[in-house]
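Shown below: protein_6.csv, with CSV, C-alpha atoms and all ligand atoms.
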chain,number,residue,atom,x,y,z
E,1,MET,CA,0.0,0.0,0.0
E,2,ALA,CA,1.4,3.3,-1.1
E,3,MET,CA,1.5,6.3,1.3
E,4,VAL,CA,-0.7,8.9,-0.4
E,5,ALA,CA,-0.7,12.5,0.9
E,6,GLU,CA,-4.2,13.9,0.5
E,7,ARG,CA,-4.9,17.6,0.7
E,8,ASN,CA,-8.6,17.5,0.7
E,9,ASN,CA,-10.6,15.2,2.9
E,10,ALA,CA,-13.2,14.2,0.4
E,11,ALA,CA,-12.0,10.6,0.2
E,12,ALA,CA,-12.0,10.3,3.9
E,13,ARG,CA,-15.4,11.9,4.1
E,14,SER,CA,-17.2,9.2,2.0
E,15,ILE,CA,-18.3,6.4,4.4
E,16,PRO,CA,-15.5,3.9,4.6
E,17,CYS,CA,-15.7,0.2,5.6
E,18,PHE,CA,-13.4,1.1,8.4
E,19,ALA,CA,-11.2,4.1,9.3
E,20,PHE,CA,-8.5,5.1,11.8
E,21,ARG,CA,-7.3,8.8,11.7
E,22,ASN,CA,-4.8,10.4,13.9
E,23,ALA,CA,-1.8,12.8,13.8
E,24,GLY,CA,0.3,10.0,12.2
E,25,GLY,CA,-2.1,9.7,9.2
E,26,ALA,CA,-5.0,7.5,8.3
E,27,VAL,CA,-5.8,3.9,7.5
E,28,LEU,CA,-9.0,3.5,5.5
E,29,GLY,CA,-10.8,0.5,4.1
E,30,GLU,CA,-13.2,0.7,1.3
E,31,GLY,CA,-15.8,-1.5,-0.3
E,32,PRO,CA,-17.5,-4.6,1.1
E,33,GLY,CA,-15.2,-6.8,3.2
E,34,THR,CA,-14.6,-10.5,3.9
E,35,VAL,CA,-15.2,-11.2,7.5
E,36,LEU,CA,-12.5,-13.1,9.3
E,37,PRO,CA,-13.9,-16.4,10.9
E,38,ARG,CA,-15.0,-15.1,14.3
E,39,GLY,CA,-13.6,-16.3,17.6
E,40,PRO,CA,-12.3,-15.4,21.1
E,41,ALA,CA,-9.1,-13.4,21.9
E,42,ALA,CA,-7.0,-16.5,22.5
E,43,THR,CA,-7.3,-17.6,18.8
E,44,LEU,CA,-7.0,-14.2,17.1
E,45,GLY,CA,-3.3,-14.6,16.4
E,46,ALA,CA,-3.8,-18.0,14.7
E,47,ARG,CA,-6.8,-16.8,12.7
E,48,THR,CA,-5.1,-13.7,11.4
E,49,ALA,CA,-1.9,-15.7,10.5
E,50,ALA,CA,-4.1,-18.3,8.6
E,51,PHE,CA,-5.9,-15.4,6.8
E,52,PHE,CA,-2.7,-13.7,5.6
E,53,ARG,CA,-1.3,-17.0,4.3
E,54,ASP,CA,-3.8,-16.9,1.4
E,55,ALA,CA,-4.6,-13.2,1.2
E,56,PRO,CA,-3.9,-11.0,-1.8
E,57,PRO,CA,-0.9,-8.7,-1.6
E,58,GLY,CA,-1.6,-5.5,0.4
E,59,ALA,CA,-4.5,-7.1,2.3
E,60,VAL,CA,-5.4,-5.5,5.7
E,61,LEU,CA,-7.6,-6.9,8.5
E,62,ALA,CA,-9.3,-4.4,10.7
E,63,GLY,CA,-12.1,-4.4,13.3
E,64,ALA,CA,-13.0,-4.8,16.9
E,65,MET,CA,-12.4,-7.2,19.8
E,66,PRO,CA,-15.2,-7.2,22.4
E,67,PHE,CA,-14.6,-6.6,26.1
E,68,GLY,CA,-15.1,-10.2,27.0
E,69,ARG,CA,-12.1,-12.4,26.1
E,70,GLU,CA,-14.4,-15.3,25.3
E,71,ALA,CA,-16.8,-13.4,23.1
E,72,ALA,CA,-16.3,-13.4,19.3
E,73,ASP,CA,-14.4,-10.5,17.6
E,74,TYR,CA,-15.4,-8.9,14.3
E,75,LEU,CA,-12.6,-8.2,11.8
E,76,VAL,CA,-13.0,-7.5,8.1
E,77,SER,CA,-10.7,-7.3,5.1
E,78,PRO,CA,-12.1,-4.8,2.6
E,79,HIS,CA,-11.5,-4.8,-1.2
E,80,THR,CA,-9.2,-1.8,-1.0
E,81,SER,CA,-7.3,-0.3,1.9
E,82,ARG,CA,-5.2,2.8,1.9
E,83,ARG,CA,-2.7,4.5,4.2
E,84,LEU,CA,-2.7,8.2,4.0
E,85,ALA,CA,0.0,10.5,5.2
E,86,PRO,CA,-1.0,13.2,7.8
E,87,ALA,CA,-3.0,16.0,6.2
E,88,ALA,CA,-4.2,19.2,7.7
E,89,ALA,CA,-7.9,18.4,8.4
E,90,ASP,CA,-10.4,20.8,6.8
E,91,PRO,CA,-12.7,21.9,9.6
E,92,ALA,CA,-15.7,19.6,9.5
E,93,PRO,CA,-18.6,21.3,7.9
E,94,PRO,CA,-21.6,21.8,10.2
E,95,GLY,CA,-24.1,19.0,9.9
E,96,ASP,CA,-27.8,19.0,10.7
E,97,THR,CA,-28.4,19.0,14.4
E,98,PRO,CA,-30.9,16.4,15.2
E,99,ARG,CA,-33.2,16.5,18.3
E,100,TRP,CA,-32.0,14.0,20.9
E,101,ARG,CA,-33.7,12.0,23.6
E,102,LEU,CA,-31.4,10.8,26.3
E,103,ARG,CA,-31.5,7.9,28.7
E,104,HIS,CA,-28.9,7.2,31.4
E,105,GLU,CA,-27.9,3.7,32.3
E,106,PRO,CA,-27.4,4.4,35.2
E,107,ASP,CA,-27.4,8.2,36.1
E,108,ALA,CA,-24.6,9.7,38.3
E,109,ALA,CA,-26.3,8.7,41.5
E,110,GLY,CA,-26.8,5.1,40.4
E,111,TYR,CA,-23.2,4.9,39.2
E,112,ALA,CA,-21.9,6.3,42.6
E,113,ALA,CA,-23.9,3.6,44.4
E,114,SER,CA,-22.1,0.9,42.3
E,115,VAL,CA,-18.7,2.5,43.2
E,116,ARG,CA,-19.6,2.3,46.9
E,117,ARG,CA,-20.5,-1.3,46.5
E,118,VAL,CA,-17.1,-2.3,45.0
E,119,LEU,CA,-15.3,-0.1,47.6
E,120,GLY,CA,-17.1,-2.3,50.2
E,121,ILE,CA,-15.9,-5.5,48.5
E,122,MET,CA,-12.3,-4.1,48.4
E,123,ALA,CA,-12.4,-3.2,52.1
E,124,GLN,CA,-13.7,-6.6,53.0
E,125,GLU,CA,-11.1,-8.5,50.9
E,126,ALA,CA,-8.1,-6.2,51.7
E,127,GLY,CA,-5.0,-8.2,52.6
E,128,THR,CA,-6.4,-11.6,51.5
E,129,ALA,CA,-5.0,-13.6,48.6
E,130,ASP,CA,-6.8,-12.7,45.4
E,131,ALA,CA,-8.2,-9.5,46.9
E,132,LEU,CA,-9.8,-7.1,44.4
E,133,THR,CA,-7.4,-4.1,44.1
E,134,LYS,CA,-8.8,-2.3,41.1
E,135,ILE,CA,-12.0,-2.5,39.0
E,136,VAL,CA,-13.2,-0.3,36.2
E,137,LEU,CA,-16.9,0.4,36.3
E,138,SER,CA,-18.7,1.9,33.4
E,139,ARG,CA,-22.1,3.4,32.5
E,140,SER,CA,-23.9,4.1,29.3
E,141,LEU,CA,-25.9,7.0,27.8
E,142,VAL,CA,-28.4,6.1,25.1
E,143,ALA,CA,-29.0,9.0,22.7
E,144,GLU,CA,-31.9,8.7,20.2
E,145,ALA,CA,-32.0,11.2,17.3
E,146,ASP,CA,-35.1,12.1,15.2
E,147,ALA,CA,-33.1,11.1,12.1
E,148,PRO,CA,-30.4,8.6,11.1
E,149,ILE,CA,-27.0,9.5,12.5
E,150,GLY,CA,-24.5,10.6,9.8
E,151,THR,CA,-21.2,8.8,10.6
E,152,ALA,CA,-18.8,10.3,8.0
E,153,LEU,CA,-18.9,13.8,9.5
E,154,LEU,CA,-18.9,12.3,13.0
E,155,LEU,CA,-15.5,10.6,12.3
E,156,GLU,CA,-14.1,13.9,11.1
E,157,ARG,CA,-15.2,15.7,14.2
E,158,LEU,CA,-13.9,12.9,16.4
E,159,SER,CA,-10.5,13.0,14.7
E,160,ALA,CA,-10.1,16.8,15.1
E,161,ASP,CA,-8.3,16.4,18.4
E,162,PRO,CA,-4.6,15.7,17.6
E,163,ALA,CA,-4.2,13.7,20.8
E,164,VAL,CA,-6.7,11.0,19.8
E,165,THR,CA,-7.3,8.4,17.1
E,166,GLY,CA,-10.7,8.8,15.5
E,167,PHE,CA,-12.1,5.4,14.5
E,168,LEU,CA,-15.0,3.8,12.8
E,169,VAL,CA,-15.4,0.0,12.5
E,170,PRO,CA,-18.3,-2.2,11.5
E,171,LEU,CA,-19.9,-4.4,14.2
E,172,PRO,CA,-21.8,-7.6,13.5
E,173,PRO,CA,-25.5,-6.6,12.7
E,174,ARG,CA,-28.0,-7.1,15.5
E,175,ASP,CA,-31.5,-8.2,14.6
E,176,GLY,CA,-30.8,-7.3,11.0
E,177,THR,CA,-29.7,-3.7,11.8
E,178,ALA,CA,-26.3,-2.6,10.7
E,179,ARG,CA,-24.1,-1.3,13.6
E,180,LEU,CA,-20.8,0.4,13.9
E,181,LEU,CA,-18.5,1.6,16.6
E,182,THR,CA,-17.0,5.1,16.4
E,183,GLY,CA,-14.9,7.0,18.8
E,184,ALA,CA,-12.0,9.2,19.7
E,185,THR,CA,-9.6,6.9,21.7
E,186,PRO,CA,-6.6,8.4,23.3
E,187,GLU,CA,-5.2,5.0,24.4
E,188,LEU,CA,-2.8,2.9,22.3
E,189,LEU,CA,-3.0,-0.7,23.4
E,190,LEU,CA,-0.3,-2.0,21.1
E,191,SER,CA,1.5,-0.9,17.9
E,192,ARG,CA,4.0,-3.1,16.1
E,193,ARG,CA,6.4,-2.1,13.2
E,194,GLY,CA,8.8,-5.0,12.5
E,195,ALA,CA,10.4,-6.0,15.8
E,196,ARG,CA,9.5,-2.7,17.5
E,197,VAL,CA,6.4,-2.6,19.8
E,198,LEU,CA,4.8,0.3,21.6
E,199,SER,CA,2.1,0.6,24.2
E,200,HIS,CA,0.8,3.8,25.8
E,201,PRO,CA,-1.5,2.9,28.7
E,202,LEU,CA,-3.6,5.6,30.4
E,203,ALA,CA,-5.2,5.5,33.8
E,204,GLY,CA,-5.8,8.3,36.3
E,205,SER,CA,-8.0,11.1,35.0
E,206,ALA,CA,-9.2,14.6,35.6
E,207,ARG,CA,-11.6,16.8,33.7
E,208,ARG,CA,-10.0,19.7,31.6
E,209,GLN,CA,-11.0,23.2,32.8
E,210,ALA,CA,-11.8,26.2,30.7
E,211,ASP,CA,-9.6,28.6,32.5
E,212,PRO,CA,-5.9,28.0,32.0
E,213,ALA,CA,-4.9,28.4,35.6
E,214,GLY,CA,-7.6,26.0,36.8
E,215,ASP,CA,-6.7,23.6,34.0
E,216,ARG,CA,-3.0,23.5,35.1
E,217,ALA,CA,-4.0,23.1,38.7
E,218,ALA,CA,-6.3,20.1,37.8
E,219,ALA,CA,-3.3,18.5,35.9
E,220,GLU,CA,-0.9,19.1,38.8
E,221,ALA,CA,-3.4,17.7,41.3
E,222,LEU,CA,-3.8,14.6,39.2
E,223,PHE,CA,0.0,14.1,39.0
E,224,ARG,CA,0.4,14.5,42.8
E,225,SER,CA,-2.6,12.3,43.6
E,226,ASP,CA,-1.5,9.1,45.3
E,227,LYS,CA,-4.8,7.4,44.4
E,228,ASP,CA,-4.4,8.2,40.7
E,229,GLN,CA,-0.7,7.2,40.6
E,230,ARG,CA,-1.6,3.8,42.3
E,231,GLU,CA,-4.4,3.3,39.8
E,232,HIS,CA,-2.0,4.0,36.9
E,233,ALA,CA,0.9,1.9,38.2
E,234,ILE,CA,-1.4,-1.2,38.2
E,235,VAL,CA,-1.9,-0.8,34.5
E,236,ALA,CA,1.7,0.0,33.5
E,237,GLU,CA,2.9,-3.0,35.5
E,238,PHE,CA,0.4,-5.3,33.9
E,239,ILE,CA,1.5,-4.2,30.4
E,240,LEU,CA,5.2,-4.6,31.3
E,241,ASP,CA,4.6,-8.1,32.8
E,242,THR,CA,2.5,-9.3,29.9
E,243,LEU,CA,4.8,-8.0,27.2
E,244,ALA,CA,8.0,-9.1,29.0
E,245,PRO,CA,8.0,-12.8,27.7
E,246,PHE,CA,7.6,-11.6,24.1
E,247,CYS,CA,10.4,-9.0,24.3
E,248,ALA,CA,14.2,-8.9,24.3
E,249,VAL,CA,14.2,-5.3,25.4
E,250,LEU,CA,11.3,-3.6,27.2
E,251,ALA,CA,11.3,-0.2,29.0
E,252,ALA,CA,9.3,2.9,29.9
E,253,PRO,CA,12.2,5.4,29.5
E,254,ALA,CA,10.2,8.6,30.2
E,255,GLY,CA,8.2,7.1,33.2
E,256,THR,CA,4.7,8.2,34.0
E,257,GLN,CA,3.7,11.6,32.6
E,258,LEU,CA,0.7,13.9,32.2
E,259,THR,CA,-1.1,13.6,28.8
E,260,SER,CA,-4.2,15.3,27.6
E,261,THR,CA,-7.0,15.3,25.1
E,262,ARG,CA,-9.3,18.3,24.5
E,263,SER,CA,-11.6,17.2,27.4
E,264,MET,CA,-9.4,15.1,29.8
E,265,TRP,CA,-6.1,15.0,31.6
E,266,HIS,CA,-4.6,11.5,32.1
E,267,LEU,CA,-1.5,9.8,33.6
E,268,GLY,CA,0.2,7.9,30.8
E,269,THR,CA,3.3,5.7,30.4
E,270,ARG,CA,4.9,5.1,27.0
E,271,ILE,CA,6.3,1.6,27.0
E,272,GLU,CA,8.7,0.6,24.2
E,273,GLY,CA,10.0,-2.9,23.4
E,274,GLU,CA,11.9,-5.0,20.9
E,275,LEU,CA,10.4,-8.4,20.1
E,276,ARG,CA,12.4,-11.5,20.9
E,277,ASP,CA,10.6,-13.4,18.1
E,278,PRO,CA,9.6,-11.0,15.3
E,279,SER,CA,7.1,-13.4,13.9
E,280,VAL,CA,4.6,-12.6,16.7
E,281,GLY,CA,2.1,-10.2,15.1
E,282,ALA,CA,0.3,-7.1,16.4
E,283,ALA,CA,-3.1,-8.8,16.7
E,284,GLU,CA,-1.7,-11.6,18.8
E,285,LEU,CA,0.1,-9.2,21.1
E,286,ALA,CA,-3.0,-7.0,21.4
E,287,ALA,CA,-5.1,-10.1,22.2
E,288,ALA,CA,-2.6,-11.1,24.9
E,289,LEU,CA,-2.9,-7.7,26.6
E,290,HIS,CA,-6.6,-7.3,26.4
E,291,PRO,CA,-8.4,-6.4,28.7
E,292,THR,CA,-5.8,-4.5,30.6
E,293,PRO,CA,-6.6,-3.0,34.1
E,294,ALA,CA,-7.3,0.3,32.3
E,295,VAL,CA,-10.7,-1.1,31.4
E,296,CYS,CA,-11.1,-4.3,33.6
E,297,GLY,CA,-9.3,-4.7,36.9
E,298,VAL,CA,-7.1,-6.9,39.1
E,299,PRO,CA,-7.4,-9.8,39.5
E,300,ARG,CA,-8.6,-9.8,35.9
E,301,ASP,CA,-11.1,-12.7,36.0
E,302,LYS,CA,-12.7,-11.6,39.3
E,303,ALA,CA,-13.0,-8.0,38.1
E,304,ALA,CA,-14.6,-9.1,34.8
E,305,ARG,CA,-17.1,-11.3,36.6
E,306,LEU,CA,-18.0,-8.5,39.0
E,307,ILE,CA,-18.4,-6.0,36.1
E,308,GLY,CA,-20.9,-8.5,34.5
E,309,GLU,CA,-22.8,-8.7,37.8
E,310,ILE,CA,-22.8,-5.0,38.6
E,311,GLU,CA,-23.2,-3.2,35.3
E,312,ARG,CA,-26.7,-3.2,33.9
E,313,HIS,CA,-25.6,-2.7,30.3
E,314,ASP,CA,-23.7,-5.2,28.1
E,315,ARG,CA,-20.3,-3.7,27.3
E,316,ASP,CA,-20.2,-5.7,24.1
E,317,PHE,CA,-17.5,-4.0,22.0
E,318,TYR,CA,-16.9,-1.0,24.4
E,319,ALA,CA,-13.7,-1.4,26.4
E,320,GLY,CA,-12.5,-3.9,23.9
E,321,ALA,CA,-9.9,-3.1,21.3
E,322,VAL,CA,-10.1,-1.7,17.7
E,323,GLY,CA,-7.4,-1.7,15.2
E,324,TRP,CA,-5.8,-3.1,12.0
E,325,CYS,CA,-3.0,-5.5,11.0
E,326,ASP,CA,-1.3,-6.6,7.8
E,327,ALA,CA,0.5,-9.6,6.3
E,328,ALA,CA,3.8,-8.5,7.8
E,329,GLY,CA,2.3,-8.7,11.3
E,330,ASP,CA,2.4,-4.9,11.7
E,331,GLY,CA,-0.6,-3.0,13.0
E,332,ASP,CA,-2.1,-0.6,15.5
E,333,TRP,CA,-4.6,-1.6,18.2
E,334,TYR,CA,-6.3,0.9,20.4
E,335,VAL,CA,-8.5,0.6,23.6
E,336,SER,CA,-12.1,1.1,22.4
E,337,ILE,CA,-13.1,3.9,24.8
E,338,ARG,CA,-14.6,7.4,24.3
E,339,CYS,CA,-16.8,5.7,21.8
E,340,ALA,CA,-20.4,5.0,20.8
E,341,GLU,CA,-22.2,2.2,19.1
E,342,ILE,CA,-24.3,3.7,16.3
E,343,ALA,CA,-27.3,1.8,14.8
E,344,GLY,CA,-29.8,3.8,12.8
E,345,ASN,CA,-31.1,6.7,14.9
E,346,THR,CA,-29.5,5.5,18.1
E,347,ALA,CA,-26.0,6.2,19.6
E,348,ARG,CA,-25.1,4.3,22.7
E,349,LEU,CA,-22.2,6.1,24.5
E,350,TYR,CA,-20.0,4.5,27.1
E,351,ALA,CA,-17.7,5.8,29.8
E,352,GLY,CA,-15.9,4.2,32.7
E,353,ALA,CA,-13.5,5.0,35.5
E,354,GLY,CA,-11.0,2.9,37.5
E,355,ILE,CA,-11.9,2.4,41.1
E,356,VAL,CA,-9.2,1.7,43.8
E,357,PRO,CA,-9.3,2.0,47.5
E,358,GLY,CA,-9.5,5.7,48.2
E,359,SER,CA,-11.8,6.5,45.2
E,360,ASP,CA,-14.5,9.0,45.8
E,361,PRO,CA,-17.9,7.8,44.4
E,362,GLY,CA,-19.1,11.3,43.4
E,363,ALA,CA,-15.8,12.2,41.8
E,364,GLU,CA,-15.7,8.9,39.8
E,365,ALA,CA,-19.3,9.6,38.5
E,366,ASP,CA,-18.2,13.1,37.4
E,367,GLU,CA,-15.1,11.6,35.7
E,368,THR,CA,-17.4,9.3,33.6
E,369,ALA,CA,-19.6,12.3,32.7
E,370,ALA,CA,-16.5,14.2,31.5
E,371,LYS,CA,-15.5,11.2,29.5
E,372,TYR,CA,-18.7,11.4,27.4
E,373,GLY,CA,-17.5,14.9,26.4
E,374,ALA,CA,-15.8,14.1,23.1
E,375,LEU,CA,-18.7,12.0,21.8
E,376,LEU,CA,-21.4,14.5,23.0
E,377,GLU,CA,-19.6,17.3,21.2
E,378,ALA,CA,-19.1,15.4,18.0
E,379,LEU,CA,-22.8,14.3,18.0
E,380,GLY,CA,-23.9,17.9,18.8
E,381,ILE,CA,-25.6,16.9,22.1
E,382,ARG,CA,-25.9,19.6,24.7
E,383,MET,CA,-26.6,18.3,28.2
E,384,LYS,CA,-29.0,20.4,30.3
E,385,ASP,CA,-26.5,20.7,33.1
E,386,ASP,CA,-22.8,19.9,33.1
E,387,SER,CA,-23.0,16.5,34.8
E,388,PRO,CA,-24.9,13.8,33.0
U,401,LIG,C1,-12.6,3.3,30.8
U,401,LIG,C2,-12.3,4.5,30.3
U,401,LIG,O1,-11.1,5.1,30.3
U,401,LIG,C3,-10.0,4.4,30.9
U,401,LIG,C4,-9.9,4.7,32.4
U,401,LIG,C5,-9.2,5.7,32.9
U,401,LIG,C6,-9.2,6.1,34.4
U,401,LIG,O2,-9.9,5.4,35.1
U,401,LIG,O3,-8.6,7.0,34.8
U,401,LIG,C7,-8.3,6.5,32.0
U,401,LIG,C8,-8.2,6.1,30.7
U,401,LIG,C9,-8.8,4.9,30.2
U,401,LIG,O4,-7.8,3.9,30.3
U,401,LIG,C10,-13.3,5.2,29.5
U,401,LIG,O5,-13.0,6.3,29.0
U,401,LIG,O6,-14.5,4.7,29.3
Can you give me the file's structure in the form of structure tokens?
Ligand SMILES: C=C(O[C@@H]1C=C(C(=O)O)C=C[C@H]1O)C(=O)O
Amino acid sequence: MAMVAERNNAAARSIPCFAFRNAGGAVLGEGPGTVLPRGPAATLGARTAAFFRDAPPGAVLAGAMPFGREAADYLVSPHTSRRLAPAAADPAPPGDTPRWRLRHEPDAAGYAASVRRVLGIMAQEAGTADALTKIVLSRSLVAEADAPIGTALLLERLSADPAVTGFLVPLPPRDGTARLLTGATPELLLSRRGARVLSHPLAGSARRQADPAGDRAAAEALFRSDKDQREHAIVAEFILDTLAPFCAVLAAPAGTQLTSTRSMWHLGTRIEGELRDPSVGAAELAAALHPTPAVCGVPRDKAARLIGEIERHDRDFYAGAVGWCDAAGDGDWYVSIRCAEIAGNTARLYAGAGIVPGSDPGAEADETAAKYGALLEALGIRMKDDSP
């Protein structure tokens, strides 16, 4: 696939089969795709390798892994795929603003109650073997428009923040209705180019503030917060431990740093490695990492089980992974957060927050409200007050 620099965004604006757009460029798939035989995370590496053995030159597989490791993923290989060099994005033209009907699942108070429940479990188990030390609880906001939701403009608006990757991937149809997942993820699960691998986990968050002094103060408070540093360290350690057996060299040279999107501050750690066996592909590595404690918890199986018990919505493909890979084993996989499932007139938004001992239920609810921000803005939804 040639790198094509595109001045205008017309090609990217037509509805692609899949799309990933960020400051490094874009990867787009066009036309109908072949669906990779579906299966759980543990078999993704073998299924992608089998696909590329017989695939035409230049083939790319792209799509989504669900939150549940045992649930079936959905990857497609379109007729044509292109990699585009970074281009200055035209400002997205204003689209029609539909009227929205919103439903919280649950609202902030209901979410805070779930946080109190898991804090109780953590307190009870503290010091025992297998004690729950972190869990990520999410909630969902169902937004129904009075017209079908236009996704091409949405992708452009989501990609406008240089700190995120705007994405759009097809999901398996439900009850005959086409679905897709679109979002503005700031979190790189795994990128591979040859033997070089990169992961950039985020955990520990604060809402951005409109006034610069307040914004800086929010960032500094986040960096100094013992609770947020603990919450972050659990994720960075998990990624280092999981990648270590695959790598000859693995390090986080810059340590943990503040990173930001237009709506959130985060703690982030850039982890760089060199593969021991360069035949291990990006999809296999991403599947080994998923789900990290940035979206699930520790111990992983216990946290996943509790999430299934406590959350009233099905996470489905939220808090999974989205990405692409090619025949060389290269690819980019992102954590599927700051996203919504779109089906017809309905967008289902998701937002979660990591809970550790010391978390404040009200502050965690506010954090999830702030994390809806990128999607709310891209969809043109104004909340009545600032705290959904
Ligand atoms: C779970 C989400 O975000 C994750 C949780 C974070 C946190 O708890 O601080 C930060 C970044 C993401 O890893 C989400 O946005 O829905």
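Shortest atom-to-atom contact with Phe18 (chain E) among E:His232, E:Arg53, E:Arg83, E:Arg338: E:Arg83, counting only C-alpha atoms.
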If the limit is 6 Å from any atom of ligand LIG 401 (chain U), counting only C-alpha atoms and all ligand atoms, which residues qualify? Return them as a list in words.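 After applying the 6 Å limit, what remains is Leu202, Ala203, Gly204, Ser205, Ala294, Val295, Ile337, Arg338, Tyr350, Ala351, Gly352, Ala353, Gly354 and Lys371 of chain E.
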Considering only C-alpha atoms, state which residue in the set E:Gly110, E:Pro86, E:Gly194, E:Gly58 is at the smallest distance from Gly362 (chain E).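 Counting only C-alpha atoms, the residue closest to Gly362 (chain E) is E:Gly110.
Nearest to Asp332 (chain E) of all the residues E:Ala152, E:Ala49, E:Leu198, E:Leu137 is E:Leu198, counting only C-alpha atoms.
The interatomic distance for the pair CA of Gly29 (chain E) and CA of Pro172 (chain E) works out to 16.6 Å.
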Excluding Ala233 (chain E) and any residue of its chain fewer than 5 positions from it, enumerate the residues within 10 Å of it, using all atoms listed in the file, and give them as a list in words.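 Counting all atoms listed in the file, the residues come to Pro201, Leu202, Ala203, Gly204, Asp228, Phe238, Ile239, Thr256, Leu267, Gly268, Thr269 and Pro293 of chain E.
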Could you please determine the separation between CA of Gly331 (chain E) and CA of Ala195 (chain E) in Å, to one decimal place?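 About the pair CA of Gly331 (chain E) and CA of Ala195 (chain E): they are 11.7 Å apart.
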Restricting the calculation to all atoms listed in the file: of E:Ala59, E:Arg276, E:Ala378, E:Gly373, which residue gets closest to Ala244 (chain E)? E:Arg276
Some atoms are missing, so please complete region 157-175 of chain E with N, CA and C atoms and return it as a compact mmCIF listing (two decimals), keeping the file's coordinate frame.
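And here's result.txt as it stands now:
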# COMPACT_ATOMS: atom_id res chain seq x y z
N ARG E 157 -15.18 14.93 12.98
CA ARG E 157 -15.20 15.70 14.20
C ARG E 157 -14.42 15.00 15.32
N LEU E 158 -14.57 13.69 15.39
CA LEU E 158 -13.90 12.90 16.40
C LEU E 158 -12.36 12.96 16.24
N SER E 159 -11.92 13.06 14.97
CA SER E 159 -10.50 13.00 14.70
C SER E 159 -9.85 14.41 14.81
N ALA E 160 -10.64 15.44 15.09
CA ALA E 160 -10.10 16.80 15.10
C ALA E 160 -9.11 17.05 16.23
N ASP E 161 -9.18 16.27 17.29
CA ASP E 161 -8.30 16.40 18.40
C ASP E 161 -6.96 15.65 18.08
N PRO E 162 -5.81 16.34 17.96
CA PRO E 162 -4.60 15.70 17.60
C PRO E 162 -4.09 14.62 18.57
N ALA E 163 -4.67 14.63 19.78
CA ALA E 163 -4.20 13.70 20.80
C ALA E 163 -4.97 12.35 20.74
N VAL E 164 -5.91 12.21 19.81
CA VAL E 164 -6.70 11.00 19.80
C VAL E 164 -6.63 10.31 18.42
N THR E 165 -7.11 9.08 18.37
CA THR E 165 -7.30 8.40 17.10
C THR E 165 -8.82 8.29 16.89
N GLY E 166 -9.30 8.95 15.83
CA GLY E 166 -10.70 8.80 15.50
C GLY E 166 -10.87 7.47 14.76
N PHE E 167 -11.89 6.73 15.13
CA PHE E 167 -12.10 5.40 14.50
C PHE E 167 -13.52 5.15 14.16
N LEU E 168 -13.68 4.28 13.19
CA LEU E 168 -15.00 3.80 12.80
C LEU E 168 -14.81 2.39 12.30
N VAL E 169 -15.48 1.44 12.93
CA VAL E 169 -15.40 0.00 12.50
C VAL E 169 -16.76 -0.59 12.47
N PRO E 170 -16.96 -1.53 11.54
CA PRO E 170 -18.30 -2.20 11.50
C PRO E 170 -18.38 -3.18 12.67
N LEU E 171 -19.60 -3.37 13.16
CA LEU E 171 -19.90 -4.40 14.20
C LEU E 171 -20.83 -5.41 13.53
N PRO E 172 -20.90 -6.61 14.08
CA PRO E 172 -21.80 -7.60 13.50
C PRO E 172 -23.27 -7.02 13.66
N PRO E 173 -24.10 -7.13 12.59
CA PRO E 173 -25.50 -6.60 12.70
C PRO E 173 -26.23 -7.27 13.81
N ARG E 174 -27.15 -6.48 14.43
CA ARG E 174 -28.00 -7.10 15.50
C ARG E 174 -29.44 -7.01 15.02
N ASP E 175 -30.14 -8.12 15.07
CA ASP E 175 -31.50 -8.20 14.60
C ASP E 175 -31.68 -7.58 13.22
